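For reference, work35.tsv is printed below; it contains TSV, C-alpha atoms.
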chain	number	residue	atom	x	y	z
A	1	MET	CA	-11.51	-3.28	8.80
A	2	PRO	CA	-12.78	-2.07	5.47
A	3	GLN	CA	-11.17	-4.22	2.81
A	4	ALA	CA	-10.65	-2.65	-0.59
A	5	SER	CA	-9.76	-3.82	-4.07
A	6	ASP	CA	-8.45	-1.66	-6.89
A	7	SER	CA	-11.82	-2.16	-8.61
A	8	ARG	CA	-10.09	-4.05	-11.40
A	9	SER	CA	-10.29	-7.42	-9.70
A	10	ASN	CA	-11.63	-8.93	-6.50
A	11	HIS	CA	-8.18	-9.07	-4.92
A	12	MET	CA	-7.75	-7.09	-1.76
A	13	VAL	CA	-5.07	-4.39	-2.01
A	14	LEU	CA	-3.28	-2.36	0.63
A	15	GLY	CA	-2.38	1.30	0.51
A	16	PRO	CA	-4.42	4.36	-0.44
A	17	ASP	CA	-2.52	4.64	-3.71
A	18	LYS	CA	-4.07	1.33	-4.82
A	19	LYS	CA	-7.40	1.12	-3.01
A	20	LEU	CA	-10.52	1.99	-4.92
A	21	GLY	CA	-13.75	0.76	-3.45
A	22	PHE	CA	-14.58	-1.59	-0.63
A	23	VAL	CA	-15.28	-5.25	-1.20
A	24	ARG	CA	-15.94	-6.08	2.45
A	25	ASP	CA	-16.19	-4.22	5.71
A	26	THR	CA	-15.49	-5.97	8.98
A	27	SER	CA	-14.99	-2.77	10.95
A	28	ILE	CA	-17.26	-1.89	13.82
A	29	GLN	CA	-19.94	0.63	12.95
A	30	PRO	CA	-21.67	2.91	15.45
A	31	PHE	CA	-24.92	1.51	16.81
A	32	ALA	CA	-24.05	-1.90	15.37
A	33	PRO	CA	-22.42	-4.04	18.06
A	34	LYS	CA	-20.36	-7.02	16.96
A	35	GLU	CA	-21.33	-10.13	18.84
A	36	GLU	CA	-19.68	-13.50	18.51
A	37	THR	CA	-20.18	-16.81	20.25
A	38	ILE	CA	-17.39	-19.35	20.32
A	39	GLU	CA	-18.04	-22.88	21.43
A	40	ILE	CA	-15.02	-24.80	22.62
A	41	PRO	CA	-15.23	-28.55	23.12
A	42	LEU	CA	-12.86	-29.73	25.85
A	43	PRO	CA	-11.15	-33.06	26.28
A	44	ALA	CA	-13.01	-35.54	28.43
A	45	GLY	CA	-12.27	-35.27	32.14
A	46	ILE	CA	-11.58	-31.57	32.23
A	47	ASN	CA	-13.58	-29.73	34.83
A	48	GLU	CA	-11.89	-26.36	34.99
A	49	VAL	CA	-10.52	-24.02	32.32
A	50	ASP	CA	-8.73	-20.69	32.27
A	51	ILE	CA	-9.77	-18.45	29.41
A	52	GLU	CA	-7.96	-15.36	28.27
A	53	ILE	CA	-9.62	-12.88	25.93
A	54	SER	CA	-7.88	-9.87	24.45
A	55	LEU	CA	-9.06	-7.16	22.11
A	56	ARG	CA	-6.31	-5.45	20.18
A	57	TYR	CA	-6.07	-2.73	17.62
A	58	GLN	CA	-3.52	-3.79	15.06
A	59	PRO	CA	-2.61	-1.31	12.32
A	60	ARG	CA	0.11	-3.58	11.01
A	61	PRO	CA	1.22	-7.11	11.75
A	62	GLY	CA	3.09	-7.16	15.00
A	63	ASN	CA	2.16	-3.59	15.93
A	64	PHE	CA	-0.79	-3.76	18.21
A	65	TYR	CA	-2.39	-1.55	20.81
A	66	PRO	CA	-3.95	-3.50	23.67
A	67	LEU	CA	-7.54	-2.50	24.40
A	68	HIS	CA	-9.09	-5.12	26.62
A	69	ASP	CA	-7.64	-8.13	28.41
A	70	LEU	CA	-9.73	-10.48	30.43
A	71	LYS	CA	-8.77	-13.66	32.26
A	72	LYS	CA	-11.35	-15.90	33.79
A	73	ARG	CA	-11.37	-19.33	35.41
A	74	ILE	CA	-14.46	-21.35	34.68
A	75	SER	CA	-15.46	-24.48	36.47
A	76	LEU	CA	-17.68	-27.17	35.07
A	77	ASP	CA	-18.53	-28.39	38.52
B	1	MET	CA	-7.40	-30.71	35.63
B	2	ASN	CA	-6.87	-27.37	33.99
B	3	SER	CA	-6.83	-26.24	30.42
B	4	ASN	CA	-5.72	-22.86	29.14
B	5	LEU	CA	-7.54	-21.22	26.29
B	6	LYS	CA	-6.61	-17.97	24.70
B	7	LEU	CA	-8.93	-16.07	22.43
B	8	ASN	CA	-7.62	-13.12	20.57
B	9	ARG	CA	-9.86	-10.59	18.92
B	10	ILE	CA	-7.76	-8.67	16.55
B	11	PHE	CA	-8.86	-6.11	14.06
B	12	SER	CA	-6.56	-4.23	11.84
B	13	LEU	CA	-6.48	-1.13	9.71
B	14	ASP	CA	-4.54	0.24	6.86
B	15	ILE	CA	-1.87	2.47	8.29
B	16	THR	CA	-2.44	5.27	5.86
B	17	ALA	CA	-5.97	5.60	7.08
B	18	CYS	CA	-4.74	5.61	10.65
B	19	ILE	CA	-2.65	8.64	10.09
B	20	SER	CA	-5.65	10.74	9.22
B	21	ILE	CA	-7.44	11.35	12.43
B	22	MET	CA	-10.94	12.65	12.81
B	23	VAL	CA	-10.62	16.20	13.91
B	24	GLY	CA	-12.58	19.36	14.03
B	25	ILE	CA	-12.17	23.00	14.39
B	26	ALA	CA	-13.15	25.47	17.04
B	27	LEU	CA	-12.71	29.17	17.44
B	28	VAL	CA	-9.25	30.51	16.94
B	29	LEU	CA	-8.33	34.11	16.90
B	30	PHE	CA	-5.26	35.04	15.00
B	31	SER	CA	-2.50	37.55	15.39
B	32	PRO	CA	-1.38	37.31	11.86
B	33	SER	CA	1.63	39.38	11.04
B	34	SER	CA	2.47	36.67	8.53
B	35	ALA	CA	-0.89	34.98	8.39
B	36	ILE	CA	-2.22	35.66	4.96
B	37	GLY	CA	-5.64	34.75	3.70
B	38	SER	CA	-5.16	32.22	1.05
B	39	ASN	CA	-7.89	31.93	-1.46
B	40	GLN	CA	-9.72	34.41	-3.61
B	41	GLY	CA	-7.15	36.28	-5.67
B	42	GLN	CA	-4.28	34.32	-4.18
B	43	LYS	CA	-1.26	34.04	-6.43
B	44	HIS	CA	0.44	30.80	-7.37
B	45	VAL	CA	3.95	30.36	-6.09
B	46	ASP	CA	6.90	28.63	-7.69
B	47	SER	CA	9.00	27.75	-4.68
B	48	LEU	CA	8.36	25.65	-1.64
B	49	ASP	CA	9.73	28.27	0.70
B	50	GLU	CA	7.24	30.79	-0.67
B	51	LEU	CA	4.41	28.36	-0.12
B	52	ILE	CA	5.53	27.62	3.43
B	53	LYS	CA	5.72	31.34	4.12
B	54	MET	CA	2.31	31.94	2.61
B	55	PHE	CA	0.71	29.55	5.09
B	56	ASP	CA	2.99	30.22	8.02
B	57	SER	CA	0.87	30.64	11.11
B	58	SER	CA	3.64	30.87	13.69
B	59	SER	CA	2.60	34.42	14.52
B	60	CYS	CA	-0.74	33.10	15.77
B	61	LYS	CA	1.17	31.71	18.71
B	62	GLU	CA	1.90	35.19	20.02
B	63	CYS	CA	-1.67	35.62	21.22
B	64	HIS	CA	-3.03	32.08	21.10
B	65	GLU	CA	-0.20	30.24	22.75
B	66	LYS	CA	-2.20	27.49	24.42
B	67	ILE	CA	-4.14	26.62	21.28
B	68	TYR	CA	-1.00	26.73	19.20
B	69	GLU	CA	0.83	24.39	21.57
B	70	GLN	CA	-2.09	21.97	21.50
B	71	TRP	CA	-1.99	22.01	17.72
B	72	GLU	CA	1.78	21.49	17.65
B	73	LYS	CA	1.29	18.14	19.38
B	74	SER	CA	-1.44	17.04	17.00
B	75	HIS	CA	-1.21	14.99	13.82
B	76	HIS	CA	-2.37	18.09	11.97
B	77	ALA	CA	1.01	19.65	12.73
B	78	ARG	CA	2.77	16.81	10.91
B	79	SER	CA	0.36	15.76	8.20
B	80	LEU	CA	3.08	14.31	5.98
B	81	MET	CA	4.77	12.45	8.80
B	82	GLY	CA	3.39	9.05	9.61
B	83	LEU	CA	3.72	7.02	12.74
B	84	ASN	CA	6.94	7.47	14.65
B	85	ASP	CA	8.08	10.44	12.60
B	86	GLN	CA	8.40	8.66	9.26
B	87	ILE	CA	7.69	10.41	5.96
B	88	PHE	CA	4.84	8.20	4.90
B	89	LEU	CA	4.85	9.30	1.26
B	90	SER	CA	8.39	8.12	0.60
B	91	GLY	CA	7.23	4.58	-0.14
B	92	TYR	CA	4.53	5.75	-2.55
B	93	LEU	CA	7.01	7.82	-4.53
B	94	LYS	CA	9.31	4.82	-4.95
B	95	HIS	CA	6.84	2.07	-5.82
B	96	GLY	CA	3.30	1.80	-7.10
B	97	PRO	CA	1.02	3.98	-9.19
B	98	LEU	CA	2.26	7.27	-7.71
B	99	ALA	CA	5.97	6.51	-8.11
B	100	VAL	CA	8.32	9.04	-9.66
B	101	HIS	CA	10.29	7.17	-12.28
B	102	PRO	CA	14.02	7.65	-12.82
B	103	GLY	CA	14.74	10.68	-14.96
B	104	GLN	CA	11.30	12.19	-14.33
B	105	LYS	CA	10.36	15.20	-12.25
B	106	ALA	CA	7.45	14.85	-9.89
B	107	THR	CA	4.37	16.95	-10.55
B	108	LYS	CA	1.21	17.56	-8.60
B	109	LYS	CA	-0.18	14.43	-10.28
B	110	ASN	CA	2.15	12.39	-8.07
B	111	PHE	CA	0.47	13.83	-4.99
B	112	PRO	CA	-3.27	13.22	-4.91
B	113	CYS	CA	-2.70	12.64	-1.17
B	114	PHE	CA	-2.10	16.38	-0.90
B	115	LYS	CA	-5.81	16.94	-1.37
B	116	CYS	CA	-6.00	16.48	2.39
B	117	HIS	CA	-2.47	16.05	3.68
B	118	PHE	CA	-1.24	19.32	2.16
B	119	PRO	CA	-4.09	21.15	0.40
B	120	GLN	CA	-1.98	24.29	0.14
B	121	ILE	CA	-0.43	22.71	-2.96
B	122	LYS	CA	-3.28	24.08	-5.05
B	123	HIS	CA	-1.61	27.50	-4.74
B	124	ALA	CA	1.67	26.21	-6.13
B	125	SER	CA	3.09	25.11	-9.44
B	126	ASP	CA	4.41	21.71	-10.42
B	127	SER	CA	7.93	22.88	-9.60
B	128	VAL	CA	6.91	23.03	-5.93
B	129	ALA	CA	5.64	19.47	-6.13
B	130	ALA	CA	9.04	18.50	-7.57
B	131	GLU	CA	10.77	20.26	-4.68
B	132	ILE	CA	8.66	18.38	-2.17
B	133	ALA	CA	9.36	15.09	-3.92
B	134	ASP	CA	13.10	15.78	-3.80
B	135	ALA	CA	12.88	16.57	-0.08
B	136	ILE	CA	10.94	13.38	0.55
B	137	MET	CA	13.36	11.24	-1.44
B	138	ARG	CA	16.38	12.57	0.40
B	139	GLY	CA	14.61	12.14	3.74
B	140	ASP	CA	14.66	15.82	4.61
B	141	LYS	CA	12.42	15.60	7.66
B	142	ALA	CA	13.11	19.15	8.78
B	143	LYS	CA	11.60	20.44	5.54
B	144	ILE	CA	8.73	18.00	5.39
B	145	ARG	CA	7.74	18.75	8.97
B	146	LYS	CA	7.04	22.32	7.88
B	147	LEU	CA	4.27	21.10	5.61
B	148	ASN	CA	1.20	20.72	7.73
B	149	ILE	CA	-2.44	21.48	8.29
B	150	GLY	CA	-1.81	24.81	9.96
B	151	CYS	CA	-4.20	27.44	11.23
B	152	LEU	CA	-4.92	28.91	7.81
B	153	VAL	CA	-6.00	25.64	6.28
B	154	CYS	CA	-8.98	25.24	8.57
B	155	HIS	CA	-9.59	28.90	9.35
B	156	ASN	CA	-9.52	30.00	5.74
B	157	GLU	CA	-9.12	27.33	3.07
B	158	LYS	CA	-11.64	24.86	4.47
B	159	ALA	CA	-13.78	27.27	6.46
B	160	VAL	CA	-16.17	28.12	3.65
B	161	VAL	CA	-17.78	25.75	1.18
B	162	HIS	CA	-20.55	27.97	-0.16
B	163	GLY	CA	-18.35	29.90	-2.50
B	164	LEU	CA	-14.70	30.66	-1.88
B	165	PRO	CA	-13.10	31.92	1.30
B	166	GLU	CA	-11.99	35.53	1.11
B	167	ALA	CA	-8.31	36.38	0.96
B	168	GLY	CA	-7.02	38.20	4.01
B	169	VAL	CA	-9.87	36.95	6.15
B	170	LEU	CA	-9.83	34.44	8.95
B	171	TYR	CA	-12.91	32.46	9.89
B	172	GLY	CA	-13.96	31.56	13.41
B	173	ASN	CA	-17.02	30.97	15.54
B	174	LYS	CA	-17.67	34.66	15.92
B	175	GLU	CA	-16.89	37.96	14.25
B	176	VAL	CA	-13.81	39.82	15.43
B	177	ALA	CA	-13.57	42.94	13.36
B	178	ASP	CA	-10.54	44.39	15.10
B	179	HIS	CA	-8.06	41.57	14.88
B	180	SER	CA	-4.64	43.01	14.22
B	181	GLY	CA	-5.86	44.41	10.95
B	182	ARG	CA	-7.17	41.09	9.72
B	183	PRO	CA	-10.86	40.58	10.38
B	184	VAL	CA	-12.25	37.33	11.67
B	185	LYS	CA	-15.56	36.49	10.07
B	186	LYS	CA	-18.02	34.04	11.44
B	187	SER	CA	-18.39	30.75	9.62
B	188	PRO	CA	-21.01	28.29	10.88
B	189	LEU	CA	-18.94	25.53	9.32
B	190	LEU	CA	-16.40	25.74	12.13
B	191	LYS	CA	-18.83	23.96	14.45
B	192	ASN	CA	-20.14	21.58	11.82
B	193	SER	CA	-18.84	18.09	11.12
B	194	LEU	CA	-18.70	18.98	7.45
B	195	ILE	CA	-15.52	20.96	7.91
B	196	CYS	CA	-13.78	17.80	9.10
B	197	GLY	CA	-15.54	15.69	6.50
B	198	GLN	CA	-13.84	17.62	3.72
B	199	CYS	CA	-10.75	15.58	4.45
B	200	HIS	CA	-11.81	12.76	6.68
B	201	GLY	CA	-13.51	11.25	3.81
B	202	LEU	CA	-16.37	9.82	1.91
B	203	GLY	CA	-14.68	7.29	-0.29
B	204	PRO	CA	-12.66	7.07	-3.48
B	205	ASN	CA	-11.22	10.32	-4.80
B	206	LEU	CA	-12.07	9.85	-8.44
B	207	GLU	CA	-11.11	13.30	-9.64
B	208	PHE	CA	-7.45	12.36	-9.97
B	209	GLU	CA	-5.70	10.74	-12.93
B	210	THR	CA	-4.57	8.14	-10.42
B	211	PRO	CA	-7.62	7.76	-8.20
B	212	ILE	CA	-6.96	6.98	-4.56
B	213	GLN	CA	-8.89	6.02	-1.49
B	214	CYS	CA	-7.85	7.04	1.97
B	215	ALA	CA	-10.10	8.02	4.84
B	216	THR	CA	-13.80	7.17	4.62
B	217	LEU	CA	-14.76	8.14	8.12
B	218	TYR	CA	-17.17	10.94	7.28
B	219	GLY	CA	-19.10	8.53	5.06
B	220	SER	CA	-19.61	6.31	8.08
B	221	TYR	CA	-20.67	9.33	10.12
B	222	LEU	CA	-23.25	10.31	7.48
B	223	HIS	CA	-24.55	6.88	6.59
B	224	ALA	CA	-24.26	4.88	9.82
B	225	TYR	CA	-24.06	7.26	12.78
B	226	ILE	CA	-26.58	9.91	11.78
B	227	PRO	CA	-29.25	7.50	10.41
B	228	SER	CA	-29.04	5.55	13.68
B	229	GLY	CA	-29.85	8.62	15.70
B	230	GLY	CA	-26.39	9.98	16.43
B	231	THR	CA	-26.41	13.64	17.36
B	232	GLN	CA	-22.86	14.66	18.16
B	233	THR	CA	-20.46	16.51	15.92
B	234	CYS	CA	-16.83	15.62	15.29
B	235	GLN	CA	-15.83	18.63	17.34
B	236	GLU	CA	-17.82	17.55	20.38
B	237	CYS	CA	-15.72	14.42	20.75
B	238	HIS	CA	-12.40	15.43	19.22
B	239	MET	CA	-12.21	19.09	20.20
B	240	LYS	CA	-13.72	19.23	23.65
B	241	ASP	CA	-13.45	22.75	25.07
B	242	GLY	CA	-11.83	23.85	21.82
B	243	ASP	CA	-8.83	21.59	22.31
B	244	HIS	CA	-6.69	21.76	19.17
B	245	TYR	CA	-4.70	18.67	20.15
B	246	MET	CA	-7.54	16.80	18.47
B	247	PRO	CA	-6.94	13.27	19.70
B	248	PRO	CA	-6.29	10.46	19.01
B	249	ASN	CA	-2.54	10.61	18.79
B	250	PHE	CA	-1.21	7.43	17.28
B	251	ASN	CA	2.28	8.12	18.52
B	252	ASN	CA	1.12	8.04	22.12
B	253	ARG	CA	0.42	4.36	22.53
B	254	GLU	CA	-1.04	4.42	26.03
B	255	GLU	CA	-3.29	7.36	25.29
B	256	LEU	CA	-4.55	5.75	22.10
B	257	SER	CA	-5.25	2.45	23.83
B	258	GLU	CA	-7.21	4.22	26.53
B	259	ARG	CA	-9.24	6.25	24.04
B	260	MET	CA	-10.10	3.18	22.00
B	261	ARG	CA	-10.85	1.22	25.15
B	262	GLN	CA	-13.51	3.80	25.99
B	263	ALA	CA	-14.83	3.89	22.43
B	264	LEU	CA	-15.05	0.10	22.14
B	265	PRO	CA	-16.33	-1.42	25.38
B	266	MET	CA	-16.34	-5.20	25.34
B	267	GLU	CA	-18.68	-7.45	27.27
B	268	VAL	CA	-17.80	-11.10	27.84
B	269	ARG	CA	-20.11	-13.85	29.00
B	270	THR	CA	-19.07	-17.42	29.60
B	271	LEU	CA	-20.74	-20.71	30.19
B	272	ALA	CA	-19.28	-24.07	31.12
B	273	TYR	CA	-21.37	-27.20	30.92
B	274	SER	CA	-21.42	-30.82	29.85
B	275	PHE	CA	-22.78	-31.34	26.38
B	276	GLN	CA	-24.43	-34.67	25.65
B	277	PRO	CA	-24.99	-35.09	21.90
B	278	LYS	CA	-26.12	-38.66	22.44
B	279	GLU	CA	-26.91	-40.87	25.39
B	280	GLY	CA	-23.83	-41.43	27.50
B	281	ASP	CA	-21.52	-39.29	25.31
B	282	ILE	CA	-20.66	-36.52	27.76
B	283	ARG	CA	-18.36	-33.76	26.56
B	284	PRO	CA	-17.19	-30.80	28.61
B	285	MET	CA	-17.84	-27.57	26.77
B	286	VAL	CA	-17.09	-23.89	27.22
B	287	VAL	CA	-19.09	-21.19	25.47
B	288	VAL	CA	-17.65	-17.69	25.24
B	289	ASN	CA	-19.76	-14.81	24.03
B	290	THR	CA	-18.22	-11.43	23.24
B	291	LYS	CA	-19.97	-8.22	22.34
B	292	ILE	CA	-18.08	-5.14	21.19
B	293	THR	CA	-19.99	-1.89	20.97
B	294	ASN	CA	-18.78	1.16	19.10
B	295	LYS	CA	-19.54	4.37	20.97
B	296	ALA	CA	-17.79	6.57	18.41
B	297	GLY	CA	-19.59	8.51	15.72
B	298	HIS	CA	-17.97	6.55	12.91
B	299	ARG	CA	-16.66	3.14	12.00
B	300	ILE	CA	-13.56	1.91	13.73
B	301	PRO	CA	-11.04	1.59	12.29
B	302	ASP	CA	-11.05	4.41	9.81
B	303	GLY	CA	-9.42	7.81	9.47
In C-alpha cells, what does this structure look like?
Amino acid sequence: MPQASDSRSNHMVLGPDKKLGFVRDTSIQPFAPKEETIEIPLPAGINEVDIEISLRYQPRPGNFYPLHDLKKRISLD
Amino acid sequence: MNSNLKLNRIFSLDITACISIMVGIALVLFSPSSAIGSNQGQKHVDSLDELIKMFDSSSCKECHEKIYEQWEKSHHARSLMGLNDQIFLSGYLKHGPLAVHPGQKATKKNFPCFKCHFPQIKHASDSVAAEIADAIMRGDKAKIRKLNIGCLVCHNEKAVVHGLPEAGVLYGNKEVADHSGRPVKKSPLLKNSLICGQCHGLGPNLEFETPIQCATLYGSYLHAYIPSGGTQTCQECHMKDGDHYMPPNFNNREELSERMRQALPMEVRTLAYSFQPKEGDIRPMVVVNTKITNKAGHRIPDG
C-alpha cells in the first residue's frame, strides 16, 4: 500500500487528515507484476510438505477479504 | 514425514481511501422537477435542508428508475458513510487536525474531505458546515445519508471543467433539448476518465489550511497505466453498459473479493529439491515463487 508521512517527519501516519505525501509505495501498479521467491529450508529427513498460500486484501487489521487460496503437496522424492 | 507451511500474502490499505471508489459517469437523462442546475449564478444557502433540496435528484427516478436504483446501491449514494454504514467523519471531528474543539462551531475549514465527499458544500455557508458537524456528532445517520454524490454532482457540477457548468442545465453523452424543460447538453467529459479523476485523486490537496491526502488513484492511472500502454477509461471498467452501481462495493464482501480476484491474478510455482551447500550436507528445500499481476487501470489498493 502507499505509505504516507505528514511531510514533517519520516514517520508513517494513518488517515487522510494526517497524510501528506508518500514515503513508500508497496501497492501493485498496473503493468508491474509483483514477483517474490521464498526459499524454505526444511528439517533433515523431510520428504513431503504441504504448502498453503493465501492472498488477502486487508483494509484494517483483522478485516480481510480473501482473494486467492492455494494448497499444494510437494514431494522431494 | 510431512511438514505444513503457510505463506500469507497480505496487503493493506488505509480505510479512508477504500471508501472512495473509482467510478465514472455515463449518460443519464433527467426528469428534474426538483433537479436544479447548480453552478453559474447559483445562490449560497444557509441551511442544510436548503442545500439538500437544491441537489435533490429523487425526481430523476421517475423516468430513469433503473439507473437511479443502481446508483442507490453505490458508494456514491452514501459518500459520507463508511464501511458498514458508519459515519466515517465522526472520528476526524473528534480527534486530529480537523477536530472541532469544545465551545467552537465547525466551519467549512473542518471539512476539506467535502471537496470530493460532498462538493455541494461550496454553495453553502459555514452555518451549514456547523449543521453537518452537529448531525455527525450526534450520530444522525438519517440526515447524513442524505448527503451524497447525487445525479447533479456528476451531471452538472463535475461535468464541465473548461469554464463553469451552466445553471439549469444537465450534461450527458448527447444533447436532449426537450427534457422536461431542462435541456441536456453534451459534455465529452462524461466519457472521459478525467471526470472521475476530479475526485479519485492525484495526491495531496494543498489548497486547504489543513492539507489532506485521500485518493491518489487517478495519479496512478495517468502516470503508471497510460504510460505503460493502457487504453481503457474508468467508465469502461466501472460503468459497463452505463451501470451506475459503479463497483466495487466494499460492503458486499463476496462481490469485492471476486472483483479483486479477477483484477489481481496470482501465479504460484513451486520446487522441492535437496540443497547441498557442501559435500555431504544435504538439506531438503522448498522454493515458492509467487507472481501477482494487476489488471486494473490503477494501483491497488487506492481509491
Item to complete: Please measure the separation of atom CA of His123 of chain B and atom CA of Asp46 of chain B, giving the value in Å to one decimal.
Response: 9.1 Å
Discussion item. For Thr37 of chain A, find every residue with an atom within 12 Å (counting all atoms listed in the file), except residues of its own chain fewer than 6 positions away, and show them as a count of residues only.
Written reply: 13
Item to complete: Take the point (-13.3, 37.6, 8.9) as written in the file and pick out every residue within 10 Å of it, counting all atoms listed in the file; give the list as a VMD selection string.
Response: chain B and resid 37 155 to 156 165 to 172 174 to 179 182 to 187
Item to complete: Please measure the separation of atom CA of Pro211 of chain B and atom CA of Lys105 of chain B, giving the value in Å to one decimal.
Response: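 The value is 19.9 Å.
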Per residue of chain A within 6 Å of chain B, which atom pair is closest and at what distance in Å (one decimal), using all atoms listed in the file, listed by chain and increasing number, as a tab-separated table?
residue	atom	partner	partner_atom	distance
A:Met1	CA	B:Leu13	CA	5.5
A:Pro16	CA	B:Gln213	CA	4.9
A:Asp17	CA	B:Ile212	CA	5.1
A:Lys19	CA	B:Gln213	CA	5.3
A:Leu20	CA	B:Gln213	CA	5.5
A:Ser27	CA	B:Ile300	CA	5.6
A:Ile28	CA	B:Ile300	CA	5.3
A:Gln29	CA	B:Arg299	CA	4.2
A:Pro30	CA	B:Asn294	CA	5.0
A:Pro33	CA	B:Thr293	CA	4.4
A:Lys34	CA	B:Ile292	CA	5.2
A:Glu35	CA	B:Lys291	CA	4.2
A:Glu36	CA	B:Thr290	CA	5.4
A:Thr37	CA	B:Asn289	CA	4.3
A:Ile38	CA	B:Val288	CA	5.2
A:Glu39	CA	B:Val287	CA	4.5
A:Ile40	CA	B:Val286	CA	5.1
A:Pro41	CA	B:Met285	CA	4.6
A:Leu42	CA	B:Pro284	CA	5.2
A:Ala44	CA	B:Arg283	CA	5.9
A:Ile46	CA	B:Met1	CA	5.5
A:Glu48	CA	B:Asn2	CA	5.2
A:Val49	CA	B:Ser3	CA	4.7
A:Asp50	CA	B:Asn4	CA	4.9
A:Ile51	CA	B:Leu5	CA	4.7
A:Glu52	CA	B:Lys6	CA	4.6
A:Ile53	CA	B:Leu7	CA	4.8
A:Ser54	CA	B:Asn8	CA	5.1
A:Leu55	CA	B:Arg9	CA	4.8
A:Arg56	CA	B:Ile10	CA	5.1
A:Tyr57	CA	B:Phe11	CA	5.6
A:Gln58	CA	B:Ser12	CA	4.5
A:Pro59	CA	B:Leu13	CA	4.7
A:Tyr65	CA	B:Ser257	CA	5.8
A:Leu67	CA	B:Arg261	CA	5.0
A:Leu76	CA	B:Ala272	CA	5.3
Filtering to C-alpha atoms, could you give me those residues as an mmCIF file, keeping the file's coordinate frame?
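Below is the file out_12.cif, written as the result:
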data_model
loop_
_atom_site.group_PDB
_atom_site.id
_atom_site.type_symbol
_atom_site.label_atom_id
_atom_site.label_comp_id
_atom_site.auth_asym_id
_atom_site.auth_seq_id
_atom_site.Cartn_x
_atom_site.Cartn_y
_atom_site.Cartn_z
ATOM 1 C CA MET A 1 -11.510 -3.280 8.800
ATOM 2 C CA PRO A 16 -4.420 4.360 -0.440
ATOM 3 C CA ASP A 17 -2.520 4.640 -3.710
ATOM 4 C CA LYS A 19 -7.400 1.120 -3.010
ATOM 5 C CA LEU A 20 -10.520 1.990 -4.920
ATOM 6 C CA SER A 27 -14.990 -2.770 10.950
ATOM 7 C CA ILE A 28 -17.260 -1.890 13.820
ATOM 8 C CA GLN A 29 -19.940 0.630 12.950
ATOM 9 C CA PRO A 30 -21.670 2.910 15.450
ATOM 10 C CA PRO A 33 -22.420 -4.040 18.060
ATOM 11 C CA LYS A 34 -20.360 -7.020 16.960
ATOM 12 C CA GLU A 35 -21.330 -10.130 18.840
ATOM 13 C CA GLU A 36 -19.680 -13.500 18.510
ATOM 14 C CA THR A 37 -20.180 -16.810 20.250
ATOM 15 C CA ILE A 38 -17.390 -19.350 20.320
ATOM 16 C CA GLU A 39 -18.040 -22.880 21.430
ATOM 17 C CA ILE A 40 -15.020 -24.800 22.620
ATOM 18 C CA PRO A 41 -15.230 -28.550 23.120
ATOM 19 C CA LEU A 42 -12.860 -29.730 25.850
ATOM 20 C CA ALA A 44 -13.010 -35.540 28.430
ATOM 21 C CA ILE A 46 -11.580 -31.570 32.230
ATOM 22 C CA GLU A 48 -11.890 -26.360 34.990
ATOM 23 C CA VAL A 49 -10.520 -24.020 32.320
ATOM 24 C CA ASP A 50 -8.730 -20.690 32.270
ATOM 25 C CA ILE A 51 -9.770 -18.450 29.410
ATOM 26 C CA GLU A 52 -7.960 -15.360 28.270
ATOM 27 C CA ILE A 53 -9.620 -12.880 25.930
ATOM 28 C CA SER A 54 -7.880 -9.870 24.450
ATOM 29 C CA LEU A 55 -9.060 -7.160 22.110
ATOM 30 C CA ARG A 56 -6.310 -5.450 20.180
ATOM 31 C CA TYR A 57 -6.070 -2.730 17.620
ATOM 32 C CA GLN A 58 -3.520 -3.790 15.060
ATOM 33 C CA PRO A 59 -2.610 -1.310 12.320
ATOM 34 C CA TYR A 65 -2.390 -1.550 20.810
ATOM 35 C CA LEU A 67 -7.540 -2.500 24.400
ATOM 36 C CA LEU A 76 -17.680 -27.170 35.070
#
Given 3 Å of margin on each side, can you work out the centre and size in Å (one decimal) of an axis-aligned box holding every listed atom of segment 118-128 of chain B, as JSON?
{"center_x": 1.9, "center_y": 23.4, "center_z": -4.1, "size_x": 18.0, "size_y": 14.2, "size_z": 18.6}
